[in-house]
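Chemist: Quick one: the structure is below, questions incoming.
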Amino acid sequence: MPFTKKLQKFNATVRSVEVGTGDKAVTLGGGNTLPFYSFDAPTTNTAKIGIEISDMGLAHEPDCIKEVYAGCETVADMAKKAITMEGVDFLCLRLEGGDPNGENRPVEELVAVAKEVAEAVDFPLVVEGCKNVEKDAELLSKVAEALQGKNVLLMSAKEENYKNIGAAAGLAYNQLVGAESAVDINLAKQLNVLLKQLGVDSGKVVMNVGSSAAGYGFDYLISTLDRVKAAALGQNDDSLLMPIITPVASETWSVKESVATEEDAPGWGCVVERAIDMEVETAVACLACGSDAVILKHPTSVATVSKLISALS
Amino acid sequence: MDKFITIGERLSTTAPTVNKAFLERDAEPILKRAKAQLDAGAVYLDVNIGPAEGYGEDLMKWAVTLLQENFDNVPLALDTSNKAAIEAGISVYNRSKGKPIVNSADAAGRIEFVDLAAANDAIVIALCNGEGIAADNDERMAYCTQLLERGLGLGMAEEDMWFDPLFVVIKGMQDKQMDVLNFIGDLTDMGLKTTGGLSNNSNGMPKHIRPIMDSAMVAMAMMKGFTSAIVNPNDLRLMETIKSCDIIRNATLYADSYLEV
Amino acid sequence: MALTGIQIFKLTPKKNCKECGCPTCMAFSMKVAQGAMTIDQCPHMSEDAVATLSEASAPPMKTIKAGVKAFADNKNDSEKEFALGGETVLFRHEKTFVNKTRYAASVCTCMDDAAVEARLASVAAIDYDRIGDRMYVEFVAVDCAEGAAPEAYAALVKKADGAGRALILNVKDEACAKAALDVCKDKKPILNAADASNYEAMSKLASDAGVVLGVTGASVEELYDTVAALEKAGNKNLILDLGTASIKDTFANAVLVRRAALKDTDRTFGYPSIVNVGKLASGDSHMQAALAALFTMKYGSIVVMEEMSYAQALPLYGLRQNLFTDPQKAPRIEPGIYPINGADENSVCLTTVDFALTYFLVSGELERSGVPCNLLISDAGGLSVLTSWAAGKFSSGSIAKYIQEFEIESKIKNRTLIIPGKVAVLKGDLEAKLPGWNIVVGPTEAVMLVKFLKDMQANA
């Protein structure tokens, strides 16, 4: 008997969420197969890649990133340069300087940076907060207000602050809401339900179900992504049919493999190569289990992952 | 595991308001009852028009078209002893949300309803009885295999045959309840799908008891692998029980708000 | 995996001849499924049907053994050969993946001696421990370029064998294959050589040498037919080479083959796989890293690269370790003293649990602080700080016992011990149980450690 391909068809499709406006707008989600299973059904929309810059400019960046942005004086300059990189689909501005345990920059200052960046580039924009739930509640709400009309994705609303961020981004200012849960599929679903009950259009929600670097508890992330996809597509679970975005760079650039100098780790070779491969391999593993978008930092990583996405679609 | 499929039973000629609306082709009461059932979480709606001799074809076409146009091609179970009416209903049926269900065939006078389902690529509810209720599980299994062979012989996929063990009334047949449940287990072990009119078990009980007994019965049946039931979706306790059992069976992903979605 | 009555019924002649004593074929099938009758009691069952039924109880995917291990994977590993395949599920949350992906670097007859030696040296260089597992390049793939002489190929195989790793012989020429097997068959190499045109000859070579045969095909259908033909000829010691037509096709093959084996229990595809990402992205080390990650996630049993660098290996081996852990069991760190940032006996001590995720978070932050310190890990049941505390596995008693058993006081002179802020309640008890120690309550979250340690250093 000859081999006949048995195709896996699902009766569900992940929602398409458009980020940004005009002809540069980018669509996340829209798939109805497991990731890269183009043999089951034609790829309707490919996975997308964001490039990350920080409100802190280049102050805390490693040398290889400083080189990439050489000559940039402001965060807006970096934004302009970032979006010219090969394979970049959207820009991600991380307002990490807001962290009360770190630089603790005031909200007004950070909103000003976000506005400056949004005005400098005509490109889909994702704005990440500082990870402190109280600060982000205020910060992301203010950013949502300041960037009205830009259709920005704000990351992220968590269990503790989804009411503030959901109400501001999703309801008052018509932006997109990132719903963040840390490798907890039940909470991932629950947050989507809560946002819907708050009145946020489910078509404007993107999930961040957690992130980690390869080798660092990544097993939890694999299973979370696998199970979310299985429930969303396999059980046609409307509360999980949101696209998934995974911030990769913020995890991979701080692990030992990416930061240990050549003196600290003799034999490991060039630190830049290590940081890139850590970023590339983590991103590919995320995409292979179900992320619809990843956020990266190094242009070589972006170009490599972008090439792979094209090759597989 | 697939999610439990509820078939809403409230569009039935046995209800006077529905009967009147069917006869007068009065859309409003039908749509109201349909909406109430769908809002409560029904997956399929049963359309029971009775024998409807002479006018069944016209009525079934009207009902199918009305419901599917108003509720995004909601999948339907066409419930009548009138074969022509079922065929007429299928002729206007939109399959985008699921195949039509032929309700129902049995191993005696209604065995040809299997043929009808096979010819129209429909699902059939196959009652495991012949003339009268089966005496024991051996007899039920004999009817089941007879129906199954007929369907498979006509090229049906076994997942399109939903076997009904026939729930029996507790008040009078209390000693037979475990037989019915064990039979569901046997069908599950064979890889077959199951359904049935759940509320038969609580017939004759006080109104406030019935939701409790129906909930207990559905939970025990789902433990045995029960895949679907014909129910009153507006029985909140029952629907909450089904949703909870689906969580326990890992057919839906848990979230704190699971009862609300 | 037992068949259901209905699956058996579909294999019966459906004649209802009653010769078996049952009224219908369905009734007979039910009895077979229940074990009350056996399939041979039907006089009209076809040979194919009987074969299908007897196969139904075999595992869906074979475990194929190849190569001689250079090192044990970890202290619990006593297998001498590499076990490949044998998986039962498509996703790790369903049940544990059993046989991890193995990696290879390549040499070729088209490379000059210096390049071959450099490549083999780079293979030897990758060798380190990660949470108790020894990480190294397990295989060397030896490519035979078209037109290479058998002696030249055999010489290269011999040289590659000198690296002490298991071998994959990528060769299409029969004479070359034979010459190579003559010099290395006792090392149980994989003869990755068969295709639709040569499988009979190559199968004979592999069987005679007692080695695993790699099979490839121009398409997934052709691969299937060749495997079926090899099985029919009696060779079931196979590995499937998923081809190098394109990244897209190779990925499709990886999934289709594994899915057919595990989901549809089509045993013809129930074999492990080889993916050559070196050929899919020749010369592009980052793309090879990307592909190695992709095919580790999705169903490569052996992933072949051109060269393995530390940059590629570090995330890849970490990814593999995570992917192949038992989802029911939390990964754990061996109890012991972990000096960080060049700590010595005079450096401050911190303690936390042996849950790998906690260890990585804490040690990462400690490294970031730049402050030399000793991280003391005791046996806390592989649970997080609060969970192990609640379970009584991370207590003043357990910490004191660990300090005694590991003879910390004779190994470290510093007497300051920082405990996780979440178990601040242990401070009093610990001070009582560890006289002479200064017990300091640390922050509740790992991310606050950098500031905490720097402040502490500044105030010292």
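How things are named: the first chain in the structure tokens is A, the next is B, and so on; residues count from 1 in each chain; ligands count from 1 in the order shown.
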So that I can see what lies close to A:Glu108, please list as number ranges by chain the residues with an atom at most 10 Å from it, counting only C-alpha atoms and leaving out residues fewer than 6 positions away in the same chain.

Modeler: A: 114, 139, 142-143

Chemist: Take the residues from that selection and put them in a file with N, CA and C atoms, as a PDB file, in the first residue's frame.

Modeler:
```
ATOM      1  N   ALA A 114       7.989  57.412  24.448  1.00  0.00           N
ATOM      2  CA  ALA A 114       7.112  56.625  23.577  1.00  0.00           C
ATOM      3  C   ALA A 114       6.557  57.492  22.452  1.00  0.00           C
ATOM      4  N   LEU A 139       1.550  53.532  33.769  1.00  0.00           N
ATOM      5  CA  LEU A 139       2.414  53.838  32.624  1.00  0.00           C
ATOM      6  C   LEU A 139       1.757  53.435  31.293  1.00  0.00           C
ATOM      7  N   LYS A 142      -1.242  55.499  30.327  1.00  0.00           N
ATOM      8  CA  LYS A 142      -0.861  56.825  29.811  1.00  0.00           C
ATOM      9  C   LYS A 142      -0.279  56.723  28.397  1.00  0.00           C
ATOM     10  N   VAL A 143       0.472  55.681  28.167  1.00  0.00           N
ATOM     11  CA  VAL A 143       1.028  55.486  26.818  1.00  0.00           C
ATOM     12  C   VAL A 143      -0.113  55.247  25.827  1.00  0.00           C
TER      13      VAL A 143
END
```

Chemist: What are the residues of chain A lining chain B at 6 Å or less? Count only C-alpha atoms, and put the answer as a list in words.

Modeler: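 The selection requested is Asn186, Lys189 and Gln190 of chain A.
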
Chemist: Could you list, as JSON, numbers by chain, the residues of chain C having an atom within 7 Å of chain A when counting only C-alpha atoms?

Modeler: {"C": [92, 93, 221, 224, 225, 247, 248, 252, 286, 287, 289, 290, 293, 294, 297, 310, 311, 312, 314, 315, 316, 318, 319, 321, 322, 323, 357, 360, 364]}

Chemist: What does the structure give for the distance between atom CA of C:Ala27 and atom CA of C:Thr52, in Å to one decimal?

Modeler: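 Interatomic distance, atom CA of C:Ala27 to atom CA of C:Thr52: 19.6 Å.
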
Chemist: Please provide as an NGL selection string all residues within 8 Å of stretch 31-35 of chain B, with the sequence filter that same-chain residues fewer than 3 positions apart are discarded (counting only C-alpha atoms).

Modeler: :B and (10-11 or 27-28 or 38-39 or 45 or 67 or 70-71)

Chemist: Find the residues around stretch 201-205 of chain B up to 6 Å (only C-alpha atoms counted), leave out those fewer than 2 positions away in its own chain, and share them as a list in words.

Modeler: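 Within the cut-off, the hits are Phe167, Val168, Val169, Ile170, Ser199 and Arg210 of chain B.
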
Chemist: Report, in Å with one decimal, the straight-line distance from atom CA of A:Val75 to atom CA of A:Leu153.

Modeler: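 Interatomic distance here is 18.6 Å.
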
Chemist: Taking a cut-off of 8 Å and counting only C-alpha atoms, can you build a table that, for each residue of chain C near chain B, reports the nearest atom pair and how far apart they are in Å (one decimal), sorted by chain then residue number, as JSON lines?

Modeler:
```
{"residue": "C:Thr4", "atom": "CA", "partner": "B:Met190", "partner_atom": "CA", "distance": 5.5}
{"residue": "C:Gly5", "atom": "CA", "partner": "B:Met190", "partner_atom": "CA", "distance": 5.8}
{"residue": "C:Ile6", "atom": "CA", "partner": "B:Met190", "partner_atom": "CA", "distance": 6.6}
{"residue": "C:Met26", "atom": "CA", "partner": "B:Thr145", "partner_atom": "CA", "distance": 6.4}
{"residue": "C:Ala27", "atom": "CA", "partner": "B:Thr145", "partner_atom": "CA", "distance": 7.2}
```

Chemist: For those residues, write C-alpha atoms to a file as a compact mmCIF listing (two decimals), in the first residue's frame.

Modeler:
```
# COMPACT_ATOMS: atom_id res chain seq x y z
CA THR C 4 -11.26 -2.20 19.07
CA GLY C 5 -14.00 -4.53 17.90
CA ILE C 6 -14.82 -2.18 15.08
CA MET C 26 -19.41 -8.08 14.14
CA ALA C 27 -20.18 -10.43 17.00
```
